[in-house]
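Let me begin by presenting the structure, written as structure tokens, before commenting on it.
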Amino acid sequence: MSSSLTEPTAPATHDHALKPEKSNLGLMRPDHSKSVIIDWLTTVDHKKIGIMYGAMALFFLLVGGLEALIIRAQLIVPENDLVSAERYNQLFTMHGTTMIFLAIMPLNAAFFNFLVPLQIGARDVAFPRINSFSLWAFVAGALVLNFSWLMQAFSELGWFTASGPTAGMTDFVPGMGWFGYAPLTERQFTGVGTDFWIMGLQILGIASLSAAMNFIATIINMRAPGMKMMRLPVFTWMTLIVSLLIVFAFPAITIALGQLMFDRVFDTSFFQVAQGGQPILWQHLFWIFGHPEVYILVLPAMGIVSEVLPTFSKKPLFGYSIVVFSGAVIGFLGFAVWSHHMFTTGLGKVATAAFSLLTMAIAVPTGVKIFNWIGTLWGGRVRFDAPMIFSVGFIWMFMMGGFSGIMHSAAPADAQQQDSYFVIAHFHYVAIGGILLASISGLYFWLPKILGKMWAGKLSTWVAILSTVGLNVTFFPMHFLGLIGMPRRTHTYLSGFGWDSYNMVCSIGAFILGFSILLFVIDIILLMTKGKPAGNDPWDARTLEWATTSPPRSYNFARTPIIPARDALWEHKHGAENRKITFVDEGSHGIHMPSQSWMPFVASFGFIPLGLGLCLMQAGVAYMGYVTISGLVIITLGATLWAIEGPGGYHIHPKEDEI
Amino acid sequence: MKHSFRGLIALVSSLIAIAFLAGCDTNTRMSTFDTKGPIAEAQLDLFMVTIWVSLFIFVLVGSVYIVAMFKFRERKNDDRPLPVQSHGNPLIEIGLIGASILLLVIIAVPTLRAIWYTHDFPVTEESKLGAWYQGEGLSAAEEDKPLTIRVEGYQWWWGFAYPQLGITSANELIIPAGKAIRLELRSKDVIHSFWLPRIAGKVDLIPGRSNGMWIQAGDSIEDWQEKSGATGSDEELRAAYARYLQEEIHNYYYGQCAEYCGDSHARMLFRASVVSDDDFASWVSEIKTGHQAPDDMAWEDWYAANDESPEKLTGDINEGLQLFMSRGKCATCHAVNGNPRAVGVAGPNLTKVASRLSVAAGWLNHRAEDGSVDIEQQYANFFKWIKEPNTVKPGNLMWKANGGGIGELEELLTDDEIHKISLYLQTLK
């Protein structure tokens with residue numbers, strides 16, 4: 001039968017219709033495969049997909065963290081030569097790209113995937129095979145992007161030299177900054193690294209877009225009876241808003257990357273000045289994506305905190321409607337502030353004033369959330385279990401990041417802060433102090449549900465202390481470092497500018513932070529190896545996912561619940577009689593489960609030759625154009641077979657008394 | 001939990017304090033706190049408004065937050081009934097939203113004022129070239145205009161052209177004190193950013209367009225008078241103002257490129273020397289005149305001798321110049337005013353390069369404690385720069401430029417040759 005992660009540890013007492021389906025193509029669907037590898041490669045179960053996203057995210061968090069530690073080691077003393085200028089520039093480019101696209105976004109996707117169907121009382125997402133496709137497209141994008149490291153190694157060893165379009169260039173890993181400003185990204189200034197970046201990001205964009213559309217369809221259409229929109233958990237609301245942000249923001253970067261690719265491959269002149277192009281166009285397109293992107297990164301974290309705080313205060317979220325509404329306002333206004341990243345580009349007085357004021361405006365709904373979280377604590381009964389410590393830390397650290405954001409919004413003051421270490425301080429406070437702490441909170445909260453095991457020991461306290469200390473020691477001095485003139489993205493600096501001791505303190509802090517993440521990884525390993533069974537509801541929580549077993553059965557709920565109120569599980573446990581969850585009588589029909597499929601994996605596999613082919617073509621390798629085309633063929637073939645094989649499906653009949 | 005929680009707060013606070021105090025000196029070379037011009041000052045003042053407002057909110061909200069965590073924490077063996085399941089309080093919400101908006105307005109108003117101030121060039125009589133510039137060659141059309149400097153960004157150095165005065169320099173900007181100056185910012189390759197923090201916040205150099213900004217080193221006489229409350233006759237005030245400029249504003253300022261521009265972005269620094277009107281005028285005229293050939297020969301004579309029998313021009317300086325013009329190919333890219341055959345524009349103009357206090361765009365320094373040139377260090381810097389530009393600035397065109405770089409010579413320049421070129425360069429004072 002299937003692996004032990006999706007079936008309970010108690011002996012199976014229900015009866016499956018075990019005959020695997022045949023697809024319309026006459027091929028077997030890989031349902032109930034005995035091979036663990038095939039099972040996981042072809043799964044369409046949102047819970048397994050979520051776990052895979054999460055595992056990859058944590059892996060890349062460590063990769064990005066390693067890149068950061070090398071950066072800080074290089075900067076610990078002035079005029080250091082631990083790494084060359086080219087390597088340093090590649091490290092900060094990949095650090096940013098990895099953390100944003102390969103760590104935080106998939107970590108958010110992991111939470112969306114695992115939780116949203118459970119929270120809305122559904123069995124899976126609206127399009128299970130697209131869900132699988134998003135995951136494997138993400139893997140393809142990550143592979144293409146990081147393949148560049150291999151090329152760089154070959155180049156260093158003398159086994160490969162670029163020729164053809166990028167002859168003479170030695171950078172194979174992206175080294176133009178994660179924001180890739182033109183015209184530095186044009187072929188005369190950077191080598192194949194930029195092409196790897198373009199293709200990697202395009203593939204990742206497709207993964208995000210397809211997942212976003214899936215979640216919008218799921219949340220709108222697949223809620224259990226009685227689960228009105230204003231009864232949804234805040235986390236699900238944030239998923240919906242973030243998905244809409246993805247759908248509206250990603251096209252901008254898709255177009256920008258496409259234009260840049262055309263400039264580099266076909267000599268068009270979108271951004272090439274000599275032929276009338278405008279470098280500033282890149283900035284506008286990138287930041288129209290880039291600013292909503294940071295809200296895409298942070299709103300799920302806010303959703304997590306909005307679940308954890310009420311649970312551990314034993315009180316509902318203060319001002320639920322306003323919290324939901326402010327999330328929507330943040331999302332909307334997020335599209336109105338992009339040029340605050342461009343205050344120094346000579347926008348002119350009116351545009352500068354407009355973007356300044358709008359950026360200040362966005363502080364209002366963000367502040368509202370903070371007030372409401374504090375209001376949740378007020379009058380409650382606060383338990384400082386592991387998830388709560390991190391959510392509590394989030395509020396504090398995110399506030400500090402928010403203040404430096406307000407300082408940036410005043411454009412004339414920003415003229416000094418922009419492109420200095422002050423900016424680095426700002427976004428690391430909101431990214432680490434905000435997003436990472438909230439994500440760790442979410443992992444401490446939900447991993448018992450996901451894996452069925454409970455945390456042992458108090459390592460979480462050490463993770464909390466060291467990560468907070470590490471974060472503050474690393475990034476607080478950077479505010480000053482920026483204000484006394486140290487520009488960012490500099491691989492070294494001279495002594496005598498007053499920057500030396502600040503840099504040393506920051507570098508020490510970085511290693512403390514890195515150590516805390518190591519402890520966190522150890523804690524997860526201890527959970528997996530030594531954790532005791534968690535039970536369904538170890539935290540006495542409020543939302544539907546805690547009504548299932550830990551881990552949930554493959555079909556989530558034996559019978560579809562009918563939802564009487566917000567915080568449905570809490571009301572069921574502690575509320576009035578008329579607020580209990582009841583169930584739809586589905587008769588003896590059984591639960592219809594979606595069949596597993598190879599096609600999403602096959603289709604997304606095609607992205608690898610597509611991406612690598614184009615990049616190697618730019619590096620002058622012969623016949624790579626054909627490889628690129630073959631990638632397109634594989635994608636098309638996979639998608640076609642996917643359409644033809646049909647939805648499939650099989651039935652499960654759980655016993656009467658199960659959840 | 002309680003115990004480690006308190007410990008957590010204590011630990012965090014003390015470490016933040018340590019981080020704060022780690023070198024709390026804000027009077028450093030590129031400090032935005034130690035402003036020496038009205039734009040930087042306006043920007044700093046606005047920043048302080050945001051600091052105060054943020055501090056206010058932080059203390060207020062932070063204290064409510066800490067109180068909530070302590071007052072409502074679960075006790076040991078807590079068997080109280082569940083807390084009241086209140087859902088919110090619309091009145092409090094609206095009040096807090098209103099208060100937030102009010103606080104933001106407090107920031108917004110000075111922000112708008114500062115945006116207009118920092119953008120609009122202040123048209124004053126004192127800033128017009130005719131009012132203060134004492135050098136020659138100023139056309140009538142330019143007399144009514146302020147000094148305009150064209151800043152040209154290259155990977156990884158700065159060109160500073162003064163079109164109204166007919167001169168070009170590089171990497172070390174020379175400007176007069178107390179007058180509004182217009183900068184036109186242009187890039188020849190990728191995006192750079194001009195950041196001279198003590199004078200003004202940065203503006204980008206974007207290829208394909210000309211960004212403008214105005215800067216001023218030191219207050220105008222009216223602003224200075226207002227701030228210092230000085231009184232007296234016109235002459236006394238002018239003398240006191242001159243003293244103020246001399247003591248507080250004339251200085252050697254540090255700047256850096258602040259937009260990632262490729263491999264050696266970290267090494268694209270620049271300097272700005274703020275000097276008196278007299279010193280500015282003499283500098284301009286010295287650049288215009290340029291340099292004579294060694295031993296005070298006229299250039300036609302030197303070239304006549306060199307073309308006919310170069311071995312007769314002896315001495316390190318002469319040989320250095322010969323290398324500069326021939327085997328070293330320096331003149332292909334570098335102009336030296338006065339020398340009719342050194343008119344290259346691909347690299348920095350080297351007129352008066354020996355009077356500059358750094359080389360390689362501010363990266364190799366030879367400024368002595370008293371502000372003069374440290375001759376020995378200068379020699380060492382020139383030597384190093386010519387010997388290994390690829391190490392000092394990886395990727396730069398002096399080393400490798402499609403066949404034209406000195407790293408691409410069949411036989412690289414020998415140490416002796418570099419020695420002579422360096423000695424020659426040191427004569428370009």
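In the structure tokens, each chain is lettered A, B, ... as it comes, each chain's residues begin at 1, and ligands are numbered from 1 in order of appearance.
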
Applying 6 Å and only C-alpha atoms, which residues near range 213-228 of chain B remain after dropping the ones on its own chain fewer than 3 positions away? List them as a PDB file with N, CA, C and O atoms, in the first residue's frame.
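The resulting file, part36.pdb, is shown below:
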```pdb
ATOM      1  N   LYS B  36      27.557  68.748   5.030  1.00  0.00           N
ATOM      2  CA  LYS B  36      28.307  69.961   4.714  1.00  0.00           C
ATOM      3  C   LYS B  36      27.657  70.725   3.577  1.00  0.00           C
ATOM      4  O   LYS B  36      28.335  71.490   2.887  1.00  0.00           O
ATOM      5  N   GLY B  37      26.388  70.473   3.346  1.00  0.00           N
ATOM      6  CA  GLY B  37      25.726  71.179   2.262  1.00  0.00           C
ATOM      7  C   GLY B  37      24.231  71.194   2.511  1.00  0.00           C
ATOM      8  O   GLY B  37      23.712  70.345   3.237  1.00  0.00           O
ATOM      9  N   ALA B 177      33.231  76.571  -3.073  1.00  0.00           N
ATOM     10  CA  ALA B 177      32.324  76.445  -1.941  1.00  0.00           C
ATOM     11  C   ALA B 177      31.220  77.487  -2.020  1.00  0.00           C
ATOM     12  O   ALA B 177      31.387  78.552  -2.611  1.00  0.00           O
ATOM     13  N   GLY B 178      30.096  77.168  -1.414  1.00  0.00           N
ATOM     14  CA  GLY B 178      29.043  78.162  -1.193  1.00  0.00           C
ATOM     15  C   GLY B 178      28.175  78.489  -2.386  1.00  0.00           C
ATOM     16  O   GLY B 178      27.321  79.365  -2.288  1.00  0.00           O
ATOM     17  N   LYS B 179      28.359  77.828  -3.517  1.00  0.00           N
ATOM     18  CA  LYS B 179      27.541  78.176  -4.676  1.00  0.00           C
ATOM     19  C   LYS B 179      26.781  76.946  -5.156  1.00  0.00           C
ATOM     20  O   LYS B 179      27.310  75.838  -5.132  1.00  0.00           O
ATOM     21  N   ALA B 180      25.547  77.167  -5.625  1.00  0.00           N
ATOM     22  CA  ALA B 180      24.789  76.059  -6.191  1.00  0.00           C
ATOM     23  C   ALA B 180      25.406  75.682  -7.528  1.00  0.00           C
ATOM     24  O   ALA B 180      25.688  76.529  -8.359  1.00  0.00           O
ATOM     25  N   ILE B 181      25.633  74.399  -7.722  1.00  0.00           N
ATOM     26  CA  ILE B 181      26.269  73.886  -8.936  1.00  0.00           C
ATOM     27  C   ILE B 181      25.335  72.873  -9.566  1.00  0.00           C
ATOM     28  O   ILE B 181      24.732  72.044  -8.879  1.00  0.00           O
ATOM     29  N   ARG B 182      25.235  72.939 -10.867  1.00  0.00           N
ATOM     30  CA  ARG B 182      24.378  71.972 -11.552  1.00  0.00           C
ATOM     31  C   ARG B 182      25.228  70.813 -12.031  1.00  0.00           C
ATOM     32  O   ARG B 182      26.298  71.001 -12.605  1.00  0.00           O
ATOM     33  N   LEU B 183      24.734  69.599 -11.791  1.00  0.00           N
ATOM     34  CA  LEU B 183      25.424  68.420 -12.300  1.00  0.00           C
ATOM     35  C   LEU B 183      24.558  67.761 -13.357  1.00  0.00           C
ATOM     36  O   LEU B 183      23.360  67.575 -13.154  1.00  0.00           O
ATOM     37  N   ILE B 249      34.198  74.164   5.434  1.00  0.00           N
ATOM     38  CA  ILE B 249      33.681  73.576   4.199  1.00  0.00           C
ATOM     39  C   ILE B 249      34.800  73.137   3.240  1.00  0.00           C
ATOM     40  O   ILE B 249      34.709  72.086   2.625  1.00  0.00           O
TER      41      ILE B 249
END
```

Considering only C-alpha atoms, tabulate each residue of chain B that lies at most 6 Å from chain A along with its nearest interatomic pair and the corresponding distance in Å to one decimal; arrange the rows by chain and ascending residue number and present them as JSON lines.
```
{"residue": "B:Leu8", "atom": "CA", "partner": "A:Ile465", "partner_atom": "CA", "distance": 6.0}
{"residue": "B:Val12", "atom": "CA", "partner": "A:Val469", "partner_atom": "CA", "distance": 5.7}
{"residue": "B:Ala19", "atom": "CA", "partner": "A:Pro477", "partner_atom": "CA", "distance": 5.7}
{"residue": "B:Thr28", "atom": "CA", "partner": "A:Gly498", "partner_atom": "CA", "distance": 5.8}
{"residue": "B:Arg29", "atom": "CA", "partner": "A:Phe497", "partner_atom": "CA", "distance": 5.4}
{"residue": "B:Met30", "atom": "CA", "partner": "A:Gly485", "partner_atom": "CA", "distance": 4.7}
{"residue": "B:Ser31", "atom": "CA", "partner": "A:Ile484", "partner_atom": "CA", "distance": 3.8}
{"residue": "B:Thr32", "atom": "CA", "partner": "A:Leu483", "partner_atom": "CA", "distance": 5.6}
{"residue": "B:Gln43", "atom": "CA", "partner": "A:Ala413", "partner_atom": "CA", "distance": 4.7}
{"residue": "B:Phe47", "atom": "CA", "partner": "A:Ala413", "partner_atom": "CA", "distance": 5.3}
{"residue": "B:Thr50", "atom": "CA", "partner": "A:Met407", "partner_atom": "CA", "distance": 5.6}
{"residue": "B:Ser54", "atom": "CA", "partner": "A:Phe403", "partner_atom": "CA", "distance": 5.9}
{"residue": "B:Ala68", "atom": "CA", "partner": "A:Trp378", "partner_atom": "CA", "distance": 5.3}
{"residue": "B:Phe72", "atom": "CA", "partner": "A:Arg381", "partner_atom": "CA", "distance": 5.4}
{"residue": "B:Arg73", "atom": "CA", "partner": "A:Val382", "partner_atom": "CA", "distance": 4.3}
{"residue": "B:Glu74", "atom": "CA", "partner": "A:Arg381", "partner_atom": "CA", "distance": 5.2}
{"residue": "B:Pro83", "atom": "CA", "partner": "A:Gly380", "partner_atom": "CA", "distance": 5.5}
{"residue": "B:Gln85", "atom": "CA", "partner": "A:Lys315", "partner_atom": "CA", "distance": 5.3}
{"residue": "B:His87", "atom": "CA", "partner": "A:Phe318", "partner_atom": "CA", "distance": 5.2}
{"residue": "B:Gly88", "atom": "CA", "partner": "A:Gly319", "partner_atom": "CA", "distance": 4.4}
{"residue": "B:Thr111", "atom": "CA", "partner": "A:Ala410", "partner_atom": "CA", "distance": 5.6}
{"residue": "B:Ile115", "atom": "CA", "partner": "A:Pro412", "partner_atom": "CA", "distance": 5.9}
{"residue": "B:Val190", "atom": "CA", "partner": "A:Pro183", "partner_atom": "CA", "distance": 5.4}
{"residue": "B:Gly201", "atom": "CA", "partner": "A:Gln416", "partner_atom": "CA", "distance": 4.3}
{"residue": "B:Lys202", "atom": "CA", "partner": "A:Ala415", "partner_atom": "CA", "distance": 5.4}
{"residue": "B:Val203", "atom": "CA", "partner": "A:Thr344", "partner_atom": "CA", "distance": 4.8}
{"residue": "B:Asp204", "atom": "CA", "partner": "A:Thr345", "partner_atom": "CA", "distance": 5.1}
{"residue": "B:Gly208", "atom": "CA", "partner": "A:Val273", "partner_atom": "CA", "distance": 5.6}
{"residue": "B:Asn211", "atom": "CA", "partner": "A:Gly346", "partner_atom": "CA", "distance": 5.9}
{"residue": "B:Ala258", "atom": "CA", "partner": "A:Pro487", "partner_atom": "CA", "distance": 5.6}
{"residue": "B:Asp263", "atom": "CA", "partner": "A:Glu86", "partner_atom": "CA", "distance": 5.5}
{"residue": "B:Ala266", "atom": "CA", "partner": "A:Thr490", "partner_atom": "CA", "distance": 4.3}
```

Create the file for the chosen residues now, containing N, CA and C atoms and written as a compact mmCIF listing (two decimals), in the first residue's frame.
```txt
# COMPACT_ATOMS: atom_id res chain seq x y z
N LEU B 8 15.53 36.00 27.41
CA LEU B 8 15.56 36.34 25.99
C LEU B 8 15.55 37.84 25.79
N VAL B 12 18.64 39.97 24.25
CA VAL B 12 18.44 40.71 23.00
C VAL B 12 18.77 42.18 23.19
N ALA B 19 25.61 46.15 19.64
CA ALA B 19 25.65 46.39 18.19
C ALA B 19 25.58 47.89 17.91
N THR B 28 32.36 60.34 10.13
CA THR B 28 33.30 59.59 9.30
C THR B 28 33.28 60.13 7.89
N ARG B 29 34.15 59.60 7.05
CA ARG B 29 34.39 60.18 5.73
C ARG B 29 33.15 60.31 4.87
N MET B 30 32.24 59.36 4.98
CA MET B 30 31.06 59.42 4.12
C MET B 30 29.78 59.47 4.95
N SER B 31 29.86 60.09 6.11
CA SER B 31 28.71 60.08 7.00
C SER B 31 27.60 60.98 6.49
N THR B 32 26.36 60.49 6.54
CA THR B 32 25.23 61.32 6.17
C THR B 32 24.77 62.16 7.35
N GLN B 43 17.96 66.56 3.68
CA GLN B 43 17.67 65.13 3.69
C GLN B 43 17.83 64.56 5.09
N PHE B 47 15.03 62.87 7.58
CA PHE B 47 15.28 61.57 8.18
C PHE B 47 15.02 61.62 9.69
N THR B 50 11.43 61.24 10.51
CA THR B 50 10.96 59.85 10.46
C THR B 50 11.46 59.08 11.67
N SER B 54 8.92 57.30 14.26
CA SER B 54 9.05 55.84 14.44
C SER B 54 9.32 55.50 15.90
N ALA B 68 1.00 43.33 27.38
CA ALA B 68 0.04 42.27 27.02
C ALA B 68 0.64 40.90 27.26
N PHE B 72 -1.16 38.86 30.44
CA PHE B 72 -2.13 37.84 30.06
C PHE B 72 -1.50 36.47 29.84
N ARG B 73 -0.32 36.26 30.43
CA ARG B 73 0.31 34.97 30.20
C ARG B 73 -0.35 33.91 31.05
N GLU B 74 -0.26 32.69 30.56
CA GLU B 74 -0.84 31.58 31.31
C GLU B 74 0.03 31.31 32.54
N PRO B 83 -10.79 32.65 28.39
CA PRO B 83 -10.97 34.12 28.34
C PRO B 83 -12.16 34.49 27.48
N GLN B 85 -14.27 35.54 24.61
CA GLN B 85 -13.94 35.37 23.19
C GLN B 85 -14.36 36.60 22.39
N HIS B 87 -14.35 39.57 19.73
CA HIS B 87 -13.98 39.53 18.33
C HIS B 87 -13.34 40.81 17.81
N GLY B 88 -13.30 41.84 18.64
CA GLY B 88 -12.71 43.07 18.13
C GLY B 88 -13.45 44.27 18.66
N THR B 111 8.20 65.82 3.77
CA THR B 111 8.71 65.06 2.63
C THR B 111 8.45 65.81 1.33
N ILE B 115 11.20 67.25 -1.27
CA ILE B 115 11.27 66.81 -2.66
C ILE B 115 11.41 68.01 -3.56
N VAL B 190 26.93 51.30 -18.34
CA VAL B 190 25.84 50.74 -17.53
C VAL B 190 25.40 51.80 -16.52
N GLY B 201 22.39 63.45 -1.29
CA GLY B 201 22.02 62.07 -1.58
C GLY B 201 22.30 61.76 -3.04
N LYS B 202 22.16 60.50 -3.39
CA LYS B 202 22.64 60.09 -4.71
C LYS B 202 21.61 60.24 -5.82
N VAL B 203 22.13 60.38 -7.04
CA VAL B 203 21.28 60.32 -8.23
C VAL B 203 21.99 59.41 -9.22
N ASP B 204 21.22 58.61 -9.96
CA ASP B 204 21.80 57.61 -10.85
C ASP B 204 22.25 58.21 -12.17
N GLY B 208 21.85 56.74 -21.93
CA GLY B 208 20.75 57.12 -22.81
C GLY B 208 19.98 58.31 -22.31
N ASN B 211 20.51 62.74 -16.36
CA ASN B 211 19.84 63.10 -15.11
C ASN B 211 20.48 64.36 -14.56
N ALA B 258 27.20 54.19 -6.35
CA ALA B 258 26.23 53.50 -5.51
C ALA B 258 25.18 52.77 -6.33
N ASP B 263 31.95 43.99 -12.20
CA ASP B 263 32.97 43.38 -11.35
C ASP B 263 33.61 44.33 -10.35
N ALA B 266 32.85 47.90 -6.50
CA ALA B 266 33.31 48.28 -5.16
C ALA B 266 34.49 49.22 -5.22
```

List every residue of range 322-401 of chain A that DSSP, applied to the backbone, labels as alpha helix (DSSP H), and write the result as number ranges by chain.
A: 322-333, 349-361, 363-377, 386-401

Excluding same-chain residues fewer than 5 positions from Ala643 in chain A, what lies within 10 Å of it counting only C-alpha atoms, as an MDAnalysis selection string?
chainID A and resid 24 599 637:638

CA of Thr289 in chain B to CA of Glu308 in chain B, straight-line distance in Å:
26.4 Å

Between CA of Leu519 in chain A and CA of Ile450 in chain A, what distance in Å does the model show, to one decimal?
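For CA of Leu519 in chain A relative to CA of Ile450 in chain A, the distance reads 20.2 Å.
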
Which neighbours of Thr560 in chain A fall inside 7 Å, counting only C-alpha atoms, when residues of the same chain fewer than 2 positions from it are skipped, and could you give them as a list in words?
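Listed by chain and then number, they are Gly121, Ala224, Phe557, Ala558, Ile562, Phe583 and Val584 of chain A.
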
From range 480-577 of chain A, collect each residue whose DSSP state is strand (DSSP E) and return the set as a list in words.
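These are the residues in question: Lys532, Pro533, Pro561 and Ile562 of chain A.
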
Could you list, as a ChimeraX atom specification, every residue within 10 Å of range 376-387 of chain B, counting only C-alpha atoms and ignoring same-chain residues fewer than 3 positions away?
/B:328,354-360,363-368,373,390-393,398-399,406-407,412-415,417-423,425-426

Figure out the distance between CA of Val430 in chain A and CA of Ala55 in chain A, please, to one decimal in Å.
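Those two atoms sit 22.9 Å apart.
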